[in-house]
Every structure is written in structure tokens, then in C-alpha cells.
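Note: the block below is target_34.txt and it holds compact mmCIF, C-alpha atoms.
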# COMPACT_ATOMS: atom_id res chain seq x y z
CA MET A 100 0.00 0.00 0.00
CA LYS A 101 1.50 3.30 -1.09
CA ILE A 102 1.39 5.98 1.62
CA LYS A 103 2.26 9.63 0.96
CA HIS A 104 3.54 11.55 3.98
CA LEU A 105 3.21 15.31 3.51
CA GLY A 106 4.78 16.25 6.84
CA GLU A 107 3.92 19.53 8.56
CA MET A 108 1.58 21.74 6.56
CA THR A 109 1.24 25.42 7.43
CA GLY A 110 -1.43 27.87 6.45
CA PRO A 111 -4.97 27.00 5.34
CA VAL A 112 -5.43 23.61 3.67
CA LEU A 113 -8.20 23.06 1.13
CA VAL A 114 -9.61 19.52 0.98
CA PHE A 115 -11.89 18.37 -1.82
CA GLY A 116 -12.99 15.19 -3.53
CA GLY A 117 -15.47 13.74 -5.96
CA VAL A 118 -14.55 15.86 -8.95
CA TYR A 119 -16.48 13.23 -10.94
CA SER A 120 -15.32 14.51 -14.37
CA ASN A 121 -17.13 17.81 -13.72
CA LEU A 122 -14.79 20.30 -15.38
CA GLN A 123 -17.01 23.29 -14.60
CA ALA A 124 -16.92 22.48 -10.87
CA LEU A 125 -13.17 21.85 -10.88
CA THR A 126 -12.53 25.14 -12.68
CA ALA A 127 -14.65 26.97 -10.10
CA LEU A 128 -12.83 25.28 -7.21
CA ILE A 129 -9.40 26.23 -8.55
CA ALA A 130 -10.56 29.82 -8.96
CA ARG A 131 -11.92 29.77 -5.41
CA ALA A 132 -8.61 28.46 -4.06
CA GLU A 133 -6.72 31.21 -5.87
CA ALA A 134 -9.09 33.84 -4.48
CA MET A 135 -8.55 32.44 -0.97
CA GLY A 136 -4.79 32.46 -1.42
CA VAL A 137 -4.43 28.68 -1.13
CA ALA A 138 -1.51 27.32 -3.15
CA PRO A 139 -1.73 23.91 -4.89
CA GLN A 140 0.71 22.37 -2.38
CA ASN A 141 -1.93 23.10 0.29
CA MET A 142 -4.72 21.34 -1.60
CA ILE A 143 -5.62 17.66 -1.10
CA CYS A 144 -8.03 15.67 -3.30
CA THR A 145 -9.63 12.63 -1.65
CA GLY A 146 -10.05 10.79 -4.97
CA ASP A 147 -12.57 10.06 -7.73
CA VAL A 148 -11.30 12.71 -10.09
CA VAL A 149 -13.31 10.90 -12.76
CA ALA A 150 -16.84 9.49 -12.65
CA TYR A 151 -20.33 10.63 -13.64
CA CYS A 152 -19.85 13.77 -15.72
CA ALA A 153 -18.73 14.69 -19.22
CA ASP A 154 -15.02 15.54 -19.03
CA PRO A 155 -12.84 12.84 -17.41
CA ALA A 156 -9.72 13.46 -19.51
CA ALA A 157 -9.91 17.25 -19.15
CA CYS A 158 -10.32 16.94 -15.36
CA VAL A 159 -7.32 14.64 -15.04
CA LYS A 160 -5.27 17.01 -17.18
CA ARG A 161 -6.26 20.00 -15.03
CA ILE A 162 -5.53 18.16 -11.77
CA ARG A 163 -2.15 17.00 -13.02
CA GLU A 164 -1.27 20.52 -14.14
CA LEU A 165 -2.41 21.89 -10.79
CA GLY A 166 0.00 19.63 -8.92
CA CYS A 167 -1.99 19.16 -5.71
CA SER A 168 -1.84 15.95 -3.68
CA VAL A 169 -4.32 13.36 -4.99
CA LEU A 170 -5.45 10.17 -3.24
CA MET A 171 -6.36 6.99 -5.10
CA GLY A 172 -10.13 6.72 -5.46
CA ASN A 173 -11.94 3.55 -6.47
CA CYS A 174 -12.58 4.99 -9.95
CA GLU A 175 -8.86 5.67 -10.44
CA GLU A 176 -8.02 2.20 -9.12
CA GLN A 177 -10.42 0.50 -11.52
CA LEU A 178 -9.29 2.49 -14.55
CA ALA A 179 -5.62 1.94 -13.70
CA GLN A 180 -6.19 -1.82 -13.43
CA GLY A 181 -8.43 -2.07 -16.48
CA GLY A 182 -11.48 -2.98 -14.40
CA ASP A 183 -14.81 -3.67 -16.05
CA ASP A 184 -16.78 -1.44 -13.65
CA CYS A 185 -16.29 1.51 -11.34
CA GLY A 186 -15.86 -0.51 -8.14
CA CYS A 187 -18.05 1.98 -6.31
CA GLY A 188 -19.50 -0.56 -3.90
CA PHE A 189 -23.01 -0.41 -5.34
CA ASP A 190 -25.14 -3.51 -4.79
CA THR A 191 -25.25 -5.76 -7.85
CA GLY A 192 -28.39 -5.05 -9.87
CA SER A 193 -29.14 -1.80 -8.06
CA THR A 194 -30.13 1.30 -9.98
CA CYS A 195 -26.77 2.94 -9.17
CA SER A 196 -24.93 -0.12 -10.45
CA ILE A 197 -26.93 -0.15 -13.69
CA LEU A 198 -26.52 3.59 -14.24
CA SER A 199 -22.77 3.35 -13.66
CA ARG A 200 -22.28 1.30 -16.81
CA GLY A 201 -22.86 4.32 -19.04
CA TRP A 202 -20.59 6.85 -17.33
CA TYR A 203 -17.85 4.30 -16.57
CA ALA A 204 -17.75 3.26 -20.24
CA HIS A 205 -17.38 6.95 -21.12
CA CYS A 206 -14.41 7.20 -18.71
CA GLN A 207 -12.88 4.03 -20.17
CA ASP A 208 -13.11 5.52 -23.63
CA GLN A 209 -11.70 8.94 -22.70
CA ILE A 210 -8.82 8.11 -20.33
CA GLY A 211 -5.57 7.30 -22.11
CA ASP A 212 -2.60 5.16 -21.17
CA ASP A 213 -0.52 8.00 -19.73
CA ASP A 214 -3.30 9.05 -17.39
CA ARG A 215 -3.78 5.42 -16.32
CA ARG A 216 -0.07 5.24 -15.48
CA TRP A 217 -0.48 8.39 -13.40
CA MET A 218 -3.43 6.81 -11.61
CA ARG A 219 -1.41 3.68 -10.82
CA GLU A 220 1.12 5.83 -8.96
CA LEU A 221 -1.42 7.54 -6.70
CA PRO A 222 -1.19 6.79 -2.97
CA TYR A 223 -3.85 4.84 -1.09
CA ARG A 224 -3.21 6.84 2.08
CA ILE A 225 -2.04 10.38 2.81
CA THR A 226 -0.87 11.64 6.20
CA PHE A 227 0.01 15.14 7.31
CA ASP A 228 0.28 17.35 10.38
CA HIS A 229 -1.59 20.62 10.71
CA GLY A 230 -2.41 22.87 13.66
CA GLY A 231 -1.05 20.43 16.19
CA LEU A 232 -3.09 17.48 14.89
CA ARG A 233 -2.15 14.56 12.66
CA TYR A 234 -4.52 13.57 9.88
CA GLY A 235 -4.93 10.33 7.97
CA VAL A 236 -6.65 10.55 4.57
CA VAL A 237 -8.51 7.58 3.07
CA HIS A 238 -10.94 7.28 0.17
CA GLY A 239 -13.73 5.06 1.47
CA ALA A 240 -12.42 3.41 4.62
CA ALA A 241 -9.33 1.64 5.92
CA SER A 242 -10.81 -1.79 5.24
CA ASP A 243 -12.14 -1.12 1.71
CA ILE A 244 -11.55 1.68 -0.76
CA SER A 245 -15.26 1.69 -1.69
CA LYS A 246 -16.80 1.27 1.78
CA PHE A 247 -19.39 3.91 2.64
CA ILE A 248 -18.99 5.69 5.98
CA TRP A 249 -21.99 7.93 6.59
CA PRO A 250 -22.84 10.48 9.29
CA VAL A 251 -25.19 7.80 10.71
CA THR A 252 -22.66 4.95 10.64
CA PRO A 253 -22.43 3.49 14.19
CA PRO A 254 -19.47 4.92 16.13
CA GLY A 255 -18.29 1.40 16.94
CA ASP A 256 -17.91 0.61 13.24
CA ILE A 257 -15.97 3.82 12.70
CA ALA A 258 -13.75 3.04 15.68
CA GLN A 259 -12.86 -0.29 14.05
CA GLU A 260 -11.90 1.51 10.85
CA CYS A 261 -9.78 3.97 12.85
CA ALA A 262 -7.98 1.11 14.59
CA LEU A 263 -7.21 -0.53 11.26
CA LEU A 264 -5.98 2.76 9.82
CA ARG A 265 -3.60 3.18 12.78
CA ASP A 266 -2.15 -0.22 11.95
CA GLN A 267 -1.60 1.02 8.40
CA VAL A 268 -0.24 4.55 8.90
CA GLY A 269 0.57 4.93 12.59
CA ARG A 270 -0.77 7.52 15.01
CA PHE A 271 -3.30 10.11 13.92
CA ASP A 272 -5.92 12.35 15.54
CA ARG A 273 -8.53 12.66 12.81
CA VAL A 274 -9.50 10.96 9.57
CA ILE A 275 -10.49 12.74 6.38
CA ALA A 276 -12.38 10.52 3.93
CA GLY A 277 -14.12 10.82 0.58
CA HIS A 278 -16.20 8.45 -1.57
CA THR A 279 -19.70 9.02 -0.15
CA GLY A 280 -20.37 12.42 -1.74
CA ILE A 281 -21.85 13.50 1.62
CA ALA A 282 -19.86 15.89 3.81
CA MET A 283 -19.29 15.21 7.51
CA ASP A 284 -18.26 18.27 9.46
CA ALA A 285 -16.65 18.71 12.85
CA THR A 286 -19.98 19.27 14.59
CA ARG A 287 -21.27 15.84 13.52
CA GLU A 288 -18.06 13.85 13.41
CA PRO A 289 -18.11 10.44 15.11
CA ALA A 290 -14.69 9.27 16.34
CA GLY A 291 -12.90 12.10 14.53
CA TRP A 292 -14.10 11.05 11.06
CA LEU A 293 -14.46 13.93 8.60
CA ASN A 294 -15.51 14.15 4.96
CA ALA A 295 -15.17 17.13 2.63
CA GLY A 296 -18.00 15.89 0.40
CA ALA A 297 -17.84 16.13 -3.40
CA ILE A 298 -17.45 19.10 -5.71
CA GLY A 299 -18.76 17.36 -8.82
CA MET A 300 -22.23 16.28 -7.70
CA PRO A 301 -24.79 17.73 -5.25
CA ALA A 302 -25.24 16.07 -1.87
CA ASN A 303 -28.81 14.90 -2.53
CA ASP A 304 -30.03 17.97 -0.66
CA GLY A 305 -32.03 19.76 -3.35
CA ARG A 306 -29.30 22.35 -4.02
CA SER A 307 -27.06 22.65 -7.05
CA GLU A 308 -24.14 23.88 -4.92
CA THR A 309 -21.54 21.31 -3.91
CA HIS A 310 -19.00 21.10 -1.08
CA PHE A 311 -15.35 21.31 -0.14
CA ALA A 312 -13.60 21.85 3.20
CA MET A 313 -10.94 24.05 4.75
CA LEU A 314 -8.52 23.30 7.57
CA SER A 315 -7.43 26.42 9.39
CA GLU A 316 -6.15 26.86 12.95
CA GLY A 317 -7.26 23.35 13.87
CA GLU A 318 -10.81 23.82 12.57
CA PHE A 319 -12.37 21.75 9.76
CA THR A 320 -15.09 23.81 8.11
CA LEU A 321 -17.34 23.04 5.16
CA HIS A 322 -17.86 25.48 2.29
CA THR A 323 -20.32 25.49 -0.60
CA LEU A 324 -19.19 25.76 -4.21
CA SER A 325 -21.30 27.47 -6.84
CA TYR A 326 -20.36 26.77 -10.45
CA ASP A 327 -21.87 26.59 -13.94
CA HIS A 328 -24.02 23.54 -13.20
CA GLN A 329 -26.24 24.25 -16.20
CA GLY A 330 -23.20 24.11 -18.48
CA ALA A 331 -22.00 20.90 -16.81
CA ALA A 332 -25.40 19.28 -17.31
CA GLN A 333 -25.48 20.32 -20.97
CA ALA A 334 -21.98 18.95 -21.47
CA MET A 335 -23.23 15.60 -20.19
CA ARG A 336 -26.13 15.61 -22.61
CA ASP A 337 -23.81 16.55 -25.46
CA VAL A 338 -21.85 13.31 -24.93
CA GLY A 339 -24.93 11.16 -24.33
CA LEU A 340 -24.72 10.87 -20.53
CA THR A 341 -28.43 11.16 -19.83
CA GLN A 342 -28.96 8.43 -17.23
CA GLY A 343 -30.19 10.95 -14.64
CA TYR A 344 -27.03 12.45 -13.19
CA ASP A 345 -27.32 15.32 -15.66
CA ARG A 346 -30.66 16.22 -14.07
CA CYS A 347 -29.13 15.80 -10.63
CA LEU A 348 -26.71 18.66 -11.31
CA GLN A 349 -29.75 20.92 -11.65
CA SER A 350 -32.24 19.43 -9.17
CA GLY A 351 -29.76 18.61 -6.42
CA TYR A 352 -31.25 15.12 -5.98
CA TRP A 353 -29.56 11.86 -6.93
CA PRO A 354 -31.34 9.67 -9.51
CA SER A 355 -31.38 6.84 -6.96
CA GLU A 356 -31.08 6.75 -3.16
CA GLU A 357 -30.53 3.00 -2.86
CA VAL A 358 -26.95 3.46 -1.65
CA LEU A 359 -28.05 5.69 1.25
CA PRO A 360 -29.08 4.45 4.70
CA SER A 361 -32.87 4.67 4.97
CA VAL A 362 -32.74 7.49 7.53
CA MET A 363 -30.82 9.67 5.06
CA ARG A 364 -33.20 9.25 2.12
CA SER A 365 -35.22 12.26 0.99
CA GLY A 366 -37.74 10.37 -1.10
CA LYS A 367 -37.08 12.71 -4.03
CA LYS A 368 -35.23 12.27 -7.31
Would you mind writing the structure in this file as C-alpha cells?
Amino acid sequence: MKIKHLGEMTGPVLVFGGVYSNLQALTALIARAEAMGVAPQNMICTGDVVAYCADPAACVKRIRELGCSVLMGNCEEQLAQGGDDCGCGFDTGSTCSILSRGWYAHCQDQIGDDDRRWMRELPYRITFDHGGLRYGVVHGAASDISKFIWPVTPPGDIAQECALLRDQVGRFDRVIAGHTGIAMDATREPAGWLNAGAIGMPANDGRSETHFAMLSEGEFTLHTLSYDHQGAAQAMRDVGLTQGYDRCLQSGYWPSEEVLPSVMRSGKK
């Protein structure tokens, strides 16, 4: 397992994930980071640069040019290994699993050999120190790259994941994860487990804005990202990605809630 140790980081750190091939959202995030005075070396991506949206190759190109730290997501792992599906952890035969065939095939077609080599070199874990705390960064969980850890996941289950992560990377104070597309902030964190959410897809909350996070003076705070979601949705339609995620960019609701715990489902789509 490749682990990237960033050492002591000073100044604000911007954490984001779930770019999901959404070039409009990534462009807006980079502009936001520049406006906030955050340099690329103080930006960390929790993985899944590519997924649902129209521009996987352009997003990888922009991320590589940016030069920020990037964690291996399950989508990167599958593409790097030539996998037949996204490895997202969806139940076989579920709506999410069926819908993934279209956008994953689009990623397979668009991502070239050089980008796959880059993906193969991404770390599975990132560690760093900031504001007197040590952080461990994972994509899904310590036990499985595509395991979903939600705000309602039992604390005992999260404690087991934390114990396993300590075996893998050593001591840490807090975990920052990705994968779920749902942010977990410091006011709701169980066992020090945080999630910056996703910038490329709404959080099934009825809003087109997406999320990223900032670390500053020991505080992990969530921020919303506004971007050209109409343009991103049209770009999806232009390449034939009309399985429902294009509408999600506008409505703010996922096309299926099967992956969510029942208590987190809105009943809308």
C-alpha cells in the first residue's frame, strides 16, 4: 500500500474530492482556491477525479497541471487496473450499479494510457500534520476503498476503521475521507471522522451547490461551491450521458437513493 507523507503543513489547507469529471466544478474550485490564497501544495483531493460527468480526460489534465496531492479513489483504481466497472460498492443489480455502466464506459473511452499510469502511482493513504493534529486521509475506509462511511454509521464501526488505519499509517488524531459524496463536518463527526463531500455532484439535498472543506487553525469547516451547473449538465447531454445524473446537477437530488441508509433518504429524485 503506497502511503504519501506530507509532513507539517502550514497555512490553510483546502480539501476536496469527488470531482467526478465535472470540469465546470473543478474550474470553479481552482478559482476559489486562488481567491482564498491557497496554493496547490496546500490542496488535497480525496479521490474520484473521474466518474459521472462529461469531461474525465480534461479533469485529469487540469488536476495534473495543478499539482496538488491526490489520493487513489476507487474509480482511479479501476481504470488503472483495467477494471470492467467503477468498483463503487453499489449492490449488484441496483439502480446505481446499472446507471454506472454508461458513465464508466465513457471514462474508459476517454482516459488514455498516460493518465492510467499516473493513476497507478497515486497513494492509497495520505498523512500530514496541521495545527497540532495529525490527519490520515482515506478514500472510502481503511478496510475497503469503496466502503461507505456515513454520518449515521455506528461509532463502533468507525472506531474499528480507525484502529485498522492506525495499523496502516501509525498515530493520527482525525480521519479525512471521501467516496460518499456527503460531507461530515466537525460538529457531527463520530470518532474524529471527517468528509469534505464532493465538488462534482450535489449532496442529494435539493441544491445545485456542492461542497469542499478548509482546515485552518485546527478547525475543519465546510464550504459550498457554486459553479456553472447548467453548463456541466449540458456537457453531459452533449456526450450522451443522460442516465439521470445530468438532471441531478440541476435538481440537487440523486437519480437513486438506494446506496443511502434509509434514515438519510429524501424520497425525491
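Close contacts of stretch 331-345 of chain A, defined as residues with an atom at most 7 Å away when counting only C-alpha atoms, with chain neighbours fewer than 3 positions off set aside, comprise A:Asn121, A:Gln123, A:Tyr151, A:Cys152, A:Ala153, A:Leu198, A:Gly201, A:Trp202, A:Asp327, A:His328, A:Leu348, A:Trp353, A:Pro354.
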Using the selection just defined, write its residues with C-alpha atoms as a tab-separated table (two decimals), in the coordinates of the input.
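After the write, result.tsv holds the following:
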chain	number	residue	atom	x	y	z
A	121	ASN	CA	-17.13	17.81	-13.72
A	123	GLN	CA	-17.01	23.29	-14.60
A	151	TYR	CA	-20.33	10.63	-13.64
A	152	CYS	CA	-19.85	13.77	-15.72
A	153	ALA	CA	-18.73	14.69	-19.22
A	198	LEU	CA	-26.52	3.59	-14.24
A	201	GLY	CA	-22.86	4.32	-19.04
A	202	TRP	CA	-20.59	6.85	-17.33
A	327	ASP	CA	-21.87	26.59	-13.94
A	328	HIS	CA	-24.02	23.54	-13.20
A	348	LEU	CA	-26.71	18.66	-11.31
A	353	TRP	CA	-29.56	11.86	-6.93
A	354	PRO	CA	-31.34	9.67	-9.51
Show me, as a tab-separated table, the residues of stretch 280-359 of chain A having an atom within 8 Å of stretch 217-240 of chain A, each with the closest atom pair and its distance in Å, using all atoms listed in the file.
residue	atom	partner	partner_atom	distance
A:Ser315	CA	A:Gly230	CA	7.5
A:Glu316	CA	A:Gly230	CA	5.5
A:Gly317	CA	A:Gly230	CA	4.9
Output of the above residues as a PDB file, in the frame of the given file, restricted to C-alpha atoms:
ATOM      1  CA  SER A 315      -7.430  26.420   9.390  1.00  0.00           C
ATOM      2  CA  GLU A 316      -6.150  26.860  12.950  1.00  0.00           C
ATOM      3  CA  GLY A 317      -7.260  23.350  13.870  1.00  0.00           C
TER       4      GLY A 317
END
Once you count all atoms listed in the file, what closest atom pair and distance in Å to one decimal does each residue of stretch 154-186 of chain A within 12 Å of stretch 294-307 of chain A have, with rows by chain and rising residue number, as a tab-separated table?
residue	atom	partner	partner_atom	distance
A:Asp154	CA	A:Gly299	CA	11.0
A:Pro155	CA	A:Gly299	CA	11.4
A:Cys158	CA	A:Gly299	CA	10.7
Determine, using all atoms listed in the file, which residues of stretch 133-210 of chain A have any atom at most 9 Å from an atom of stretch 108-115 of chain A, and tabulate each with its shortest atom pair and distance in Å to one decimal place, rows ordered by chain and then rising number, as a Markdown table.
| residue | atom | partner | partner_atom | distance |
| --- | --- | --- | --- | --- |
| A:Gly136 | CA | A:Pro111 | CA | 8.7 |
| A:Val137 | CA | A:Pro111 | CA | 6.7 |
| A:Ala138 | CA | A:Val112 | CA | 8.7 |
| A:Pro139 | CA | A:Leu113 | CA | 8.9 |
| A:Gln140 | CA | A:Val112 | CA | 8.7 |
| A:Asn141 | CA | A:Val112 | CA | 4.9 |
| A:Met142 | CA | A:Leu113 | CA | 4.7 |
| A:Ile143 | CA | A:Val114 | CA | 4.9 |
| A:Cys144 | CA | A:Phe115 | CA | 4.9 |
| A:Thr145 | CA | A:Phe115 | CA | 6.2 |
| A:Gly146 | CA | A:Phe115 | CA | 8.4 |
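Between atom CA of A:Pro250 and atom CA of A:Ala282 the interatomic distance comes to 8.3 Å.
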Using all atoms listed in the file: which of A:Leu125, A:Ala276, A:Ile257, A:Leu321 has the shortest distance to A:Leu170
A:Ala276
Contacts of A:Glu308 within 8 Å, all atoms listed in the file, excl. fewer than 4 positions in-chain, as number ranges by chain
A: 301, 323-326, 351
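The two atoms in question, atom CA of A:Ser365 and atom CA of A:Ala258, are spaced 27.6 Å apart.
Computed from the coordinates, the atom CA of A:Trp249 to atom CA of A:Thr279 distance equals 7.2 Å.
Considering only C-alpha atoms, the residue among A:Gln207, A:Gln267, A:Thr320, A:Gln180 positioned nearest to A:Met100 is A:Gln267.
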